[in-house]
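Worksheet: one structure, shown below.
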There are 2 protein chains.
Amino acid sequence: MPPKLPSPHRPRTLVPIPRVGGLDYDVLDRLIGYALRRAQVAMFLAFHEATRGLEITPPRFTALVVIGANPGISQTTLGNVLGIARSGAMALTDWFEGRGLAERRAKPGDARAWGLHLTSRGERFVARMKTKVVAEDRRRAAVLSRREREELLRLLNKLAG
Amino acid sequence: MPPKLPSPHRPRTLVPIPRVGGLDYDVLDRLIGYALRRAQVAMFLAFHEATRGLEITPPRFTALVVIGANPGISQTTLGNVLGIARSGAMALTDWFEGRGLAERRAKPGDARAWGLHLTSRGERFVARMKTKVVAEDRRRAAVLSRREREELLRLLNKLAG
DNA sequence: ACCGATTGTTATAGACCATTACAATCGGGC
DNA sequence: GCCCGATTGTAATGGTCTATAACAATCGGT
């Protein structure tokens with residue numbers, strides 16, 4: 001058997017959080033936080049599956065979508081949207097520029113900040129990504145009825161504040 | 001102003017994922033995965049708040065609860081429950097032993113595996129933790145009605161598979 | 001014109017987790 | 001009773017993600 005090639009990027013969690021038979025979960029079964037975590041890992045793995053080979057992670061996906069929908073956005077704002085520090089937003093931006101997906105352009109009226117924009121290659125890439133990710137999200141959520149899905153979205157957003 | 005002491009352990013995300021006004025979220029608003037992530041971060045921060053000073057993270061909490069409810073469980077099984085590799089389960093166990101919360105005991109009938117058990121100090125610690133975490137989970141979920149909470153739990157578990 | 005705030009940047013450190021390799025032990029088939 | 005593949009715990013290593021701190025350039029209000 002040939003040696004396994006190292007994956008170019010690895011999801012941080014590789015396996016779903018299982019429900020081990022015959023085990024007492026005690027209070028965990030009553031915690032929304034725990035159920036949330038399990039569901040999130042499941043959806044994350046689906047995401048990773050859908051974007052296989054694209055080297056895309058959830059933060060990268062979110063960032064690209066946000067840049068695409070809000071051209072000229074600053075790195076600081078991008079960081080705020082993602083809930084990460086500015087240095088992290090910068091690392092993301094570097095990564096995008098390194099692959100020709102997005103670029104920094106001078107911002108008229110403020111010489112400190114850059115405005116972020118997708119390249120045309122980035123536009124195509126994001127469009128393809130969105131299709132795949134949305135399809136996978138739908139597919140994974142297909143265990144729920146349309147009504148349940150709407151309800152879940154509503155409850156989650158309420159919870160997120 | 002006195003220099004800020006380094007926190008003994010830092011949550012990986014320090015701020016909630018906000019909803020930035022005037023921003024176009026494009027397709028993100030329709031993705032369950034994204035809503036899930038936002039809700040999870042919010043609950044995680046609440047968790048971190050509730051366990052302030054205890055140096056407890058969600059995996060540590062889960063592990064201690066599971067050990068408490070299933071004394072004699074092996075490290076490998078613990079890893080499976082958490083969805084992490086054996087080496088990670090071992091690091092957790094070391095951490096617990098280092099603080100006198102849990103211990104490895106020889107397992108009758110299998111000289112390879114250890115059986116994990118809470119110490120009496122661990123028992124008290126877990127009891128206190130459970131109280132705090134459950135209370136905080138309830139408090140945070142109080143934006144939902146009882147009926148909504150039940151429904152959310154059901155939908156999340158369905159999604160997690 | 002000055003001064004506090006903001007922006008991007010760099011360097012550094014820490015937490016978390018997987019991978020790999022290894023030794024001891026187990027257990028089923030012969 | 002012995003052998004061999006599977007399992008368990010362990011140690012060493014590396015990668016990824018993110019925060020923190022410090023810095024220079026720039027902005028903007030007083």
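Letters for chains follow the order of the structure tokens (A, B, ...), residue numbers begin at 1 for each chain, and ligand numbers begin at 1 in the order shown.
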
Pick out the residues sitting within 8 Å of Ala141 in chain B, and hand them over as an NGL selection string; count only C-alpha atoms (C1' of nucleotides), and ignore anything fewer than 5 positions along from it in its own chain. (:A and (32 or 159)) or (:B and (149))

What are the residues of chain A that have an atom within 8 Å of an atom of chain C, counting only C-alpha atoms (C1' of nucleotides), as a count of residues only? 7

So which residues of chain A fall under strand (DSSP E) by DSSP, listed as number ranges by chain? A: 102-106, 114-118

Check every residue of chain D for an atom within 7 Å of chain B, counting only C-alpha atoms (C1' of nucleotides), and provide those that qualify as number ranges by chain. D: 8-9, 18

So that I can see what lies close to Ala35 in chain B, please list as an mmCIF file with C-alpha atoms, in the first residue's frame the residues with an atom at most 7 Å from it, counting only C-alpha atoms (C1' of nucleotides) and leaving out residues fewer than 4 positions away in the same chain.
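Full text of part17.cif as output:
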data_model
loop_
_atom_site.group_PDB
_atom_site.id
_atom_site.type_symbol
_atom_site.label_atom_id
_atom_site.label_comp_id
_atom_site.auth_asym_id
_atom_site.auth_seq_id
_atom_site.Cartn_x
_atom_site.Cartn_y
_atom_site.Cartn_z
ATOM 1 C CA LEU A 153 -32.423 28.848 11.540
ATOM 2 C CA LEU A 156 -30.140 29.545 16.161
ATOM 3 C CA ASN A 157 -30.143 33.198 15.229
ATOM 4 C CA LEU B 31 -26.639 28.462 5.604
ATOM 5 C CA ALA B 39 -24.798 30.082 18.026
#

Distance limit 7 Å, atoms considered: only C-alpha atoms. Which chain A residues sit that close to chain B? Return them as an NGL selection string. :A and (15-18 or 20 or 23-26 or 31-33 or 35-40 or 42-43 or 66 or 69-70 or 81-83 or 134 or 137 or 141 or 143 or 152-153 or 155-157 or 159-160)

Nearest to Glu55 in chain A, chosen from A:Arg124, A:Trp95, A:Gly72, A:Ala102, with only C-alpha atoms counted in the distances: A:Trp95
